[in-house]
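The next block is final.cif, given as mmCIF, N, CA and C atoms.
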data_model
#
loop_
_atom_site.label_atom_id
_atom_site.label_comp_id
_atom_site.auth_asym_id
_atom_site.auth_seq_id
_atom_site.Cartn_x
_atom_site.Cartn_y
_atom_site.Cartn_z
N MET O 30 -70.95 -8.69 18.37
CA MET O 30 -72.30 -8.38 17.98
C MET O 30 -72.26 -7.76 16.60
N THR O 31 -73.08 -8.28 15.69
CA THR O 31 -73.12 -7.76 14.34
C THR O 31 -74.26 -6.75 14.23
N PRO O 32 -74.04 -5.69 13.45
CA PRO O 32 -75.10 -4.70 13.33
C PRO O 32 -76.30 -5.29 12.58
N ALA O 33 -77.51 -4.88 12.95
CA ALA O 33 -78.73 -5.33 12.28
C ALA O 33 -78.76 -4.72 10.90
N LYS O 34 -79.57 -5.38 10.03
CA LYS O 34 -79.69 -4.90 8.65
C LYS O 34 -80.10 -3.43 8.65
N GLY O 35 -79.41 -2.65 7.90
CA GLY O 35 -79.71 -1.22 7.82
C GLY O 35 -78.91 -0.39 8.81
N ASP O 36 -78.39 -1.02 9.86
CA ASP O 36 -77.55 -0.29 10.82
C ASP O 36 -76.16 -0.15 10.22
N THR O 37 -75.55 0.91 10.53
CA THR O 37 -74.17 1.09 10.07
C THR O 37 -73.25 1.08 11.26
N ALA O 38 -72.08 0.55 11.02
CA ALA O 38 -71.07 0.53 12.08
C ALA O 38 -70.60 1.95 12.32
N PRO O 39 -70.24 2.26 13.58
CA PRO O 39 -69.75 3.63 13.84
C PRO O 39 -68.50 3.91 13.02
N ALA O 40 -68.40 5.11 12.52
CA ALA O 40 -67.23 5.50 11.72
C ALA O 40 -65.98 5.49 12.58
N GLU O 41 -64.92 4.98 11.99
CA GLU O 41 -63.65 4.98 12.72
C GLU O 41 -63.08 6.38 12.71
N PRO O 42 -62.47 6.78 13.81
CA PRO O 42 -61.89 8.14 13.83
C PRO O 42 -60.77 8.24 12.82
N GLU O 43 -60.64 9.41 12.23
CA GLU O 43 -59.58 9.63 11.25
C GLU O 43 -58.24 9.59 11.95
N PRO O 44 -57.22 8.98 11.31
CA PRO O 44 -55.90 8.95 11.96
C PRO O 44 -55.34 10.37 12.08
N LYS O 45 -54.68 10.60 13.20
CA LYS O 45 -54.07 11.91 13.41
C LYS O 45 -52.79 11.99 12.60
N PRO O 46 -52.52 13.14 12.01
CA PRO O 46 -51.25 13.27 11.26
C PRO O 46 -50.07 13.13 12.20
N GLN O 47 -49.06 12.46 11.70
CA GLN O 47 -47.86 12.28 12.52
C GLN O 47 -47.02 13.55 12.46
N VAL O 48 -46.59 13.96 13.62
CA VAL O 48 -45.78 15.17 13.72
C VAL O 48 -44.34 14.74 13.98
N THR O 49 -43.46 15.18 13.11
CA THR O 49 -42.04 14.89 13.29
C THR O 49 -41.41 16.05 14.04
N PRO O 50 -40.78 15.74 15.18
CA PRO O 50 -40.16 16.85 15.93
C PRO O 50 -39.01 17.46 15.14
N ALA O 51 -38.82 18.73 15.33
CA ALA O 51 -37.71 19.43 14.67
C ALA O 51 -36.40 18.90 15.22
N PRO O 52 -35.38 18.80 14.36
CA PRO O 52 -34.09 18.32 14.87
C PRO O 52 -33.53 19.27 15.93
N ALA O 53 -32.84 18.68 16.86
CA ALA O 53 -32.24 19.49 17.92
C ALA O 53 -31.14 20.36 17.34
N VAL O 54 -31.09 21.56 17.78
CA VAL O 54 -30.04 22.48 17.36
C VAL O 54 -28.83 22.22 18.25
N PRO O 55 -27.67 21.90 17.64
CA PRO O 55 -26.52 21.64 18.49
C PRO O 55 -26.13 22.87 19.30
N ALA O 56 -25.74 22.62 20.50
CA ALA O 56 -25.32 23.71 21.37
C ALA O 56 -24.01 24.30 20.86
N ALA O 57 -23.83 25.56 21.11
CA ALA O 57 -22.57 26.20 20.75
C ALA O 57 -21.45 25.55 21.55
N PRO O 58 -20.28 25.39 20.93
CA PRO O 58 -19.19 24.75 21.66
C PRO O 58 -18.83 25.54 22.92
N THR O 59 -18.60 24.82 23.95
CA THR O 59 -18.18 25.45 25.20
C THR O 59 -16.68 25.25 25.35
N GLU O 60 -16.11 25.92 26.30
CA GLU O 60 -14.68 25.75 26.56
C GLU O 60 -14.37 24.29 26.87
N ALA O 61 -15.26 23.63 27.64
CA ALA O 61 -15.05 22.23 28.01
C ALA O 61 -15.10 21.33 26.78
N SER O 62 -16.06 21.58 25.84
CA SER O 62 -16.14 20.73 24.65
C SER O 62 -14.94 20.95 23.75
N ARG O 63 -14.43 22.18 23.69
CA ARG O 63 -13.22 22.42 22.89
C ARG O 63 -12.04 21.67 23.49
N ASP O 64 -11.95 21.65 24.82
CA ASP O 64 -10.88 20.90 25.47
C ASP O 64 -11.00 19.42 25.17
N THR O 65 -12.22 18.89 25.20
CA THR O 65 -12.44 17.48 24.90
C THR O 65 -12.06 17.18 23.46
N ASP O 66 -12.50 18.05 22.52
CA ASP O 66 -12.15 17.85 21.11
C ASP O 66 -10.64 17.87 20.92
N SER O 67 -9.95 18.80 21.57
CA SER O 67 -8.51 18.90 21.38
C SER O 67 -7.80 17.69 21.98
N ALA O 68 -8.38 17.08 22.99
CA ALA O 68 -7.78 15.88 23.57
C ALA O 68 -8.11 14.65 22.73
N MET O 69 -9.24 14.68 22.04
CA MET O 69 -9.71 13.51 21.30
C MET O 69 -9.27 13.49 19.84
N PHE O 70 -9.18 14.68 19.23
CA PHE O 70 -8.87 14.76 17.80
C PHE O 70 -7.53 15.43 17.56
N GLU O 71 -6.88 14.98 16.51
CA GLU O 71 -5.55 15.49 16.15
C GLU O 71 -5.68 16.93 15.68
N PRO O 72 -4.91 17.85 16.25
CA PRO O 72 -4.96 19.23 15.76
C PRO O 72 -4.34 19.32 14.36
N PHE O 73 -4.76 20.31 13.61
CA PHE O 73 -4.23 20.51 12.25
C PHE O 73 -2.73 20.79 12.33
N PRO O 74 -1.91 19.96 11.66
CA PRO O 74 -0.47 20.17 11.76
C PRO O 74 0.09 21.24 10.82
N GLY O 75 -0.75 21.80 9.96
CA GLY O 75 -0.29 22.81 9.00
C GLY O 75 -0.09 22.20 7.63
N GLU O 76 -0.30 23.00 6.59
CA GLU O 76 -0.19 22.50 5.22
C GLU O 76 1.21 22.01 4.90
N ALA O 77 2.23 22.64 5.44
CA ALA O 77 3.62 22.26 5.15
C ALA O 77 3.95 20.86 5.66
N PHE O 78 3.16 20.34 6.58
CA PHE O 78 3.37 19.00 7.13
C PHE O 78 3.19 17.93 6.06
N PHE O 79 2.31 18.20 5.09
CA PHE O 79 1.91 17.20 4.10
C PHE O 79 2.75 17.34 2.83
N HIS O 80 3.80 16.54 2.74
CA HIS O 80 4.66 16.54 1.55
C HIS O 80 5.22 15.15 1.36
N GLY O 81 5.66 14.87 0.14
CA GLY O 81 6.27 13.57 -0.15
C GLY O 81 7.44 13.32 0.78
N GLY O 82 7.53 12.09 1.29
CA GLY O 82 8.61 11.74 2.20
C GLY O 82 8.22 11.87 3.66
N ARG O 83 7.08 12.49 3.97
CA ARG O 83 6.62 12.62 5.36
C ARG O 83 6.14 11.25 5.83
N THR O 84 6.67 10.82 6.95
CA THR O 84 6.24 9.58 7.59
C THR O 84 5.82 9.93 9.01
N SER O 85 4.56 9.60 9.35
CA SER O 85 4.04 9.98 10.66
C SER O 85 2.81 9.15 11.00
N PRO O 86 2.62 8.83 12.27
CA PRO O 86 1.38 8.19 12.67
C PRO O 86 0.16 9.09 12.43
N ILE O 87 0.38 10.39 12.35
CA ILE O 87 -0.72 11.32 12.04
C ILE O 87 -1.22 11.07 10.62
N VAL O 88 -0.30 10.83 9.70
CA VAL O 88 -0.66 10.53 8.30
C VAL O 88 -1.47 9.23 8.26
N ALA O 89 -1.03 8.22 9.02
CA ALA O 89 -1.75 6.95 9.05
C ALA O 89 -3.15 7.11 9.64
N ALA O 90 -3.28 7.91 10.71
CA ALA O 90 -4.58 8.14 11.33
C ALA O 90 -5.52 8.85 10.36
N ALA O 91 -4.99 9.82 9.62
CA ALA O 91 -5.80 10.53 8.62
C ALA O 91 -6.23 9.57 7.51
N ALA O 92 -5.32 8.70 7.09
CA ALA O 92 -5.63 7.73 6.03
C ALA O 92 -6.75 6.78 6.48
N ARG O 93 -6.71 6.36 7.74
CA ARG O 93 -7.78 5.49 8.25
C ARG O 93 -9.13 6.20 8.22
N ARG O 94 -9.15 7.49 8.59
CA ARG O 94 -10.40 8.25 8.56
C ARG O 94 -10.89 8.44 7.13
N LEU O 95 -9.96 8.70 6.20
CA LEU O 95 -10.34 8.87 4.80
C LEU O 95 -10.94 7.57 4.27
N ALA O 96 -10.36 6.44 4.65
CA ALA O 96 -10.90 5.14 4.23
C ALA O 96 -12.29 4.93 4.84
N ALA O 97 -12.46 5.29 6.10
CA ALA O 97 -13.76 5.15 6.77
C ALA O 97 -14.83 6.01 6.11
N GLU O 98 -14.42 7.15 5.55
CA GLU O 98 -15.35 8.05 4.87
C GLU O 98 -15.58 7.64 3.41
N GLY O 99 -14.93 6.57 2.96
CA GLY O 99 -15.11 6.10 1.59
C GLY O 99 -14.29 6.85 0.56
N CYS O 100 -13.29 7.59 1.00
CA CYS O 100 -12.48 8.40 0.08
C CYS O 100 -11.21 7.69 -0.37
N TRP O 101 -10.84 6.59 0.26
CA TRP O 101 -9.61 5.88 -0.10
C TRP O 101 -9.92 4.91 -1.23
N GLN O 102 -9.46 5.21 -2.43
CA GLN O 102 -9.77 4.40 -3.59
C GLN O 102 -8.56 3.64 -4.12
N SER O 103 -7.42 3.81 -3.51
CA SER O 103 -6.18 3.19 -3.97
C SER O 103 -6.11 1.73 -3.55
N GLN O 104 -5.40 0.94 -4.35
CA GLN O 104 -5.12 -0.45 -3.97
C GLN O 104 -4.04 -0.49 -2.89
N GLN O 105 -3.28 0.60 -2.80
CA GLN O 105 -2.24 0.72 -1.77
C GLN O 105 -2.91 0.82 -0.40
N ARG O 106 -2.39 0.10 0.58
CA ARG O 106 -2.95 0.19 1.93
C ARG O 106 -2.68 1.57 2.51
N PRO O 107 -3.64 2.12 3.26
CA PRO O 107 -3.39 3.42 3.91
C PRO O 107 -2.29 3.27 4.95
N GLY O 108 -1.21 3.96 4.77
CA GLY O 108 -0.09 3.85 5.70
C GLY O 108 0.37 5.20 6.21
N GLN O 109 1.52 5.22 6.88
CA GLN O 109 1.99 6.45 7.50
C GLN O 109 2.95 7.26 6.63
N ASP O 110 3.21 6.80 5.42
CA ASP O 110 4.03 7.57 4.47
C ASP O 110 3.09 8.37 3.57
N TRP O 111 3.23 9.70 3.55
CA TRP O 111 2.38 10.55 2.71
C TRP O 111 2.71 10.27 1.25
N THR O 112 1.71 9.82 0.49
CA THR O 112 1.91 9.44 -0.91
C THR O 112 0.84 10.11 -1.78
N ARG O 113 0.94 9.85 -3.09
CA ARG O 113 -0.08 10.37 -4.00
C ARG O 113 -1.46 9.80 -3.66
N ALA O 114 -1.49 8.56 -3.15
CA ALA O 114 -2.77 7.96 -2.77
C ALA O 114 -3.43 8.75 -1.63
N HIS O 115 -2.61 9.21 -0.68
CA HIS O 115 -3.15 10.04 0.41
C HIS O 115 -3.70 11.35 -0.16
N ARG O 116 -2.94 11.94 -1.05
CA ARG O 116 -3.36 13.23 -1.63
C ARG O 116 -4.66 13.07 -2.42
N LYS O 117 -4.76 11.98 -3.21
CA LYS O 117 -5.99 11.74 -3.98
C LYS O 117 -7.18 11.52 -3.05
N ALA O 118 -6.95 10.77 -1.97
CA ALA O 118 -8.03 10.51 -1.01
C ALA O 118 -8.47 11.80 -0.32
N PHE O 119 -7.49 12.64 0.02
CA PHE O 119 -7.86 13.90 0.69
C PHE O 119 -8.56 14.83 -0.29
N ALA O 120 -8.16 14.80 -1.56
CA ALA O 120 -8.86 15.61 -2.57
C ALA O 120 -10.32 15.14 -2.69
N ALA O 121 -10.54 13.83 -2.64
CA ALA O 121 -11.90 13.30 -2.69
C ALA O 121 -12.71 13.78 -1.48
N TRP O 122 -12.06 13.80 -0.30
CA TRP O 122 -12.72 14.31 0.91
C TRP O 122 -13.08 15.78 0.75
N GLN O 123 -12.14 16.57 0.24
CA GLN O 123 -12.39 18.00 0.05
C GLN O 123 -13.54 18.22 -0.94
N GLU O 124 -13.63 17.36 -1.96
CA GLU O 124 -14.71 17.49 -2.94
C GLU O 124 -16.07 17.20 -2.31
N THR O 125 -16.12 16.32 -1.30
CA THR O 125 -17.40 16.07 -0.63
C THR O 125 -17.82 17.29 0.19
N LEU O 126 -16.84 18.05 0.65
CA LEU O 126 -17.14 19.25 1.44
C LEU O 126 -17.41 20.47 0.57
N ARG O 127 -16.82 20.47 -0.61
CA ARG O 127 -16.90 21.64 -1.51
C ARG O 127 -17.31 21.19 -2.90
N PRO O 128 -18.57 20.86 -3.08
CA PRO O 128 -19.01 20.38 -4.38
C PRO O 128 -18.78 21.41 -5.49
N LYS O 129 -18.61 20.91 -6.68
CA LYS O 129 -18.42 21.72 -7.89
C LYS O 129 -17.20 22.62 -7.79
N GLY O 130 -16.17 22.17 -7.07
CA GLY O 130 -14.92 22.91 -7.02
C GLY O 130 -15.00 24.24 -6.30
N ALA O 131 -15.94 24.37 -5.39
CA ALA O 131 -16.12 25.64 -4.68
C ALA O 131 -15.11 25.75 -3.54
N GLY O 132 -13.87 25.86 -3.87
CA GLY O 132 -12.83 26.01 -2.85
C GLY O 132 -11.67 25.06 -3.10
N ASN O 133 -10.81 24.97 -2.12
CA ASN O 133 -9.59 24.17 -2.21
C ASN O 133 -9.92 22.68 -2.25
N VAL O 134 -9.58 22.04 -3.37
CA VAL O 134 -9.70 20.59 -3.51
C VAL O 134 -8.38 20.02 -4.03
N SER O 135 -7.28 20.59 -3.54
CA SER O 135 -5.94 20.22 -4.02
C SER O 135 -5.45 18.88 -3.51
N GLY O 136 -6.06 18.40 -2.43
CA GLY O 136 -5.56 17.17 -1.81
C GLY O 136 -4.60 17.43 -0.67
N ILE O 137 -4.15 18.67 -0.54
CA ILE O 137 -3.34 19.07 0.61
C ILE O 137 -4.32 19.56 1.68
N PRO O 138 -4.32 18.93 2.85
CA PRO O 138 -5.28 19.33 3.87
C PRO O 138 -5.17 20.80 4.24
N ASP O 139 -6.32 21.42 4.43
CA ASP O 139 -6.40 22.77 5.00
C ASP O 139 -7.09 22.62 6.34
N GLU O 140 -7.06 23.64 7.16
CA GLU O 140 -7.56 23.51 8.52
C GLU O 140 -9.04 23.14 8.58
N VAL O 141 -9.86 23.71 7.73
CA VAL O 141 -11.30 23.44 7.77
C VAL O 141 -11.58 21.98 7.42
N SER O 142 -11.01 21.50 6.31
CA SER O 142 -11.27 20.11 5.91
C SER O 142 -10.67 19.13 6.91
N TRP O 143 -9.52 19.47 7.48
CA TRP O 143 -8.90 18.61 8.49
C TRP O 143 -9.80 18.50 9.73
N ASP O 144 -10.29 19.63 10.20
CA ASP O 144 -11.14 19.61 11.39
C ASP O 144 -12.42 18.82 11.14
N LYS O 145 -12.99 18.93 9.95
CA LYS O 145 -14.21 18.19 9.63
C LYS O 145 -13.96 16.69 9.50
N LEU O 146 -12.75 16.29 9.18
CA LEU O 146 -12.42 14.87 9.08
C LEU O 146 -12.36 14.22 10.46
N ARG O 147 -12.03 14.99 11.49
CA ARG O 147 -12.00 14.52 12.87
C ARG O 147 -11.09 13.29 13.02
N VAL O 148 -9.83 13.52 12.76
CA VAL O 148 -8.80 12.48 12.88
C VAL O 148 -8.54 12.23 14.36
N LEU O 149 -8.67 10.99 14.78
CA LEU O 149 -8.41 10.67 16.19
C LEU O 149 -6.97 10.97 16.54
N ARG O 150 -6.78 11.50 17.73
CA ARG O 150 -5.46 11.92 18.18
C ARG O 150 -4.54 10.72 18.34
N VAL O 151 -3.34 10.87 17.80
CA VAL O 151 -2.28 9.87 17.98
C VAL O 151 -1.05 10.50 18.62
N SER O 152 -1.00 11.83 18.63
CA SER O 152 0.13 12.53 19.25
C SER O 152 -0.20 12.83 20.70
N PRO O 153 0.80 12.99 21.54
CA PRO O 153 0.51 13.29 22.94
C PRO O 153 -0.16 14.66 23.09
N VAL O 154 -1.04 14.74 24.08
CA VAL O 154 -1.70 16.01 24.41
C VAL O 154 -0.72 16.84 25.21
N LYS O 155 -0.53 18.10 24.82
CA LYS O 155 0.39 18.96 25.57
C LYS O 155 -0.11 19.12 26.99
N GLY O 156 0.82 19.06 27.92
CA GLY O 156 0.48 19.19 29.32
C GLY O 156 0.32 17.86 30.02
N ASP O 157 0.33 16.76 29.24
CA ASP O 157 0.22 15.42 29.86
C ASP O 157 1.58 14.92 30.24
#

Show the structure stored in the file as structure tokens.
Amino acid sequence: MTPAKGDTAPAEPEPKPQVTPAPAVPAAPTEASRDTDSAMFEPFPGEAFFHGGRTSPIVAAAARRLAAEGCWQSQQRPGQDWTRAHRKAFAAWQETLRPKGAGNVSGIPDEVSWDKLRVLRVSPVKGD
């Protein structure tokens, strides 16, 4: 039905503003989640672990994660021998965590940057 001359169509209701829900606040880690993380991710092996000549599946697992994060820029394939390419990639990772040189960006993993990389576990879980 068309409105008669002079009649106006009813005004359309104004659209309601869209409300974006606040992001969920992550729960504090529980003992169970820490156990799951320790079973799933490689624990930090210590800074002394990372030196020239080190060959380990842990180094290879870290290299794969660095490549996945876009930090591996070398033409050399990420392997299990710790090389300058690994150190450069880890320095790039540290720079993403600590912009403008605000902290350790040496390329030698520290516990904080290692934990944030979340390297999948390749070593046996103690107690298994």

Fill in: Residues matched by the PyMOL selection byres (((chain O and resi 116 and name CA) around 9) and name CA) as a ChimeraX atom specification
/O:79,111-115,117-121,135-138

Worksheet entry | Selection: 10 Å around O:Pro107, only C-alpha atoms, excl. self and same-chain fewer than 6 positions, as number ranges by chain | O: 88-96, 101, 114-115, 118

Practice prompt. Extract, using all atoms listed in the file, all DNA, RNA and protein residues at most 6 Å from O:Gln123, discarding same-chain residues fewer than 4 positions from it, and format them as a PyMOL selection string.
Written response: chain O and resi 119+127+133-134

Go ahead and write the selection's residues with N, CA and C atoms as a CSV table (one decimal), keeping the file's coordinate frame.
chain,number,residue,atom,x,y,z
O,119,PHE,N,-7.5,12.6,0.0
O,119,PHE,CA,-7.9,13.9,0.7
O,119,PHE,C,-8.6,14.8,-0.3
O,127,ARG,N,-16.8,20.5,-0.6
O,127,ARG,CA,-16.9,21.6,-1.5
O,127,ARG,C,-17.3,21.2,-2.9
O,133,ASN,N,-10.8,25.0,-2.1
O,133,ASN,CA,-9.6,24.2,-2.2
O,133,ASN,C,-9.9,22.7,-2.2
O,134,VAL,N,-9.6,22.0,-3.4
O,134,VAL,CA,-9.7,20.6,-3.5
O,134,VAL,C,-8.4,20.0,-4.0

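Computed from the coordinates, the atom CA of O:Pro72 to atom CA of O:Ala131 distance equals 24.2 Å.
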
Item to complete: Please provide as a list in words all residues within 7 Å of O:Asp110, with the sequence filter that same-chain residues fewer than 2 positions apart are discarded (counting only C-alpha atoms).
Response: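 Close residues of O:Asp110: Gly82, Arg83, Thr84, Ser85, Val88, Gly108 and Thr112 of chain O.
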
Fill in: Atom pair atom N of O:Ser103 / atom CA of O:Ser142: separation (Å)
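We find that atom N of O:Ser103 and atom CA of O:Ser142 lie 19.2 Å from each other.
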
Worksheet entry | Backbone DSSP call of alpha helix (DSSP H) for stretch 69-155 of chain O, listed as number ranges by chain | O: 69, 86-97, 113-126, 140-146

Item to complete: Using atom C of O:Phe70 and atom N of O:Lys129 as the two end points, give the distance in Å to one decimal.
Response: 27.2 Å

Fill in: Residues returned when the PyMOL selection byres (((chain O and resi 150 and name CA) around 10) and name CA) runs on this file, as a list in words
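Selection result, ordered by chain and number: Asp66, Ser67, Ala68, Met69, Phe70, Glu71, Pro72, Pro86, Ile87, Ala90, Ala91, Arg147, Val148, Leu149, Val151, Ser152, Pro153 and Val154 of chain O.
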
Worksheet item: Between O:Pro128, O:Gly81, O:Asp144, O:Ala97, which one has atoms that come closest to O:Gln109, using only C-alpha atoms?
Response: O:Gly81
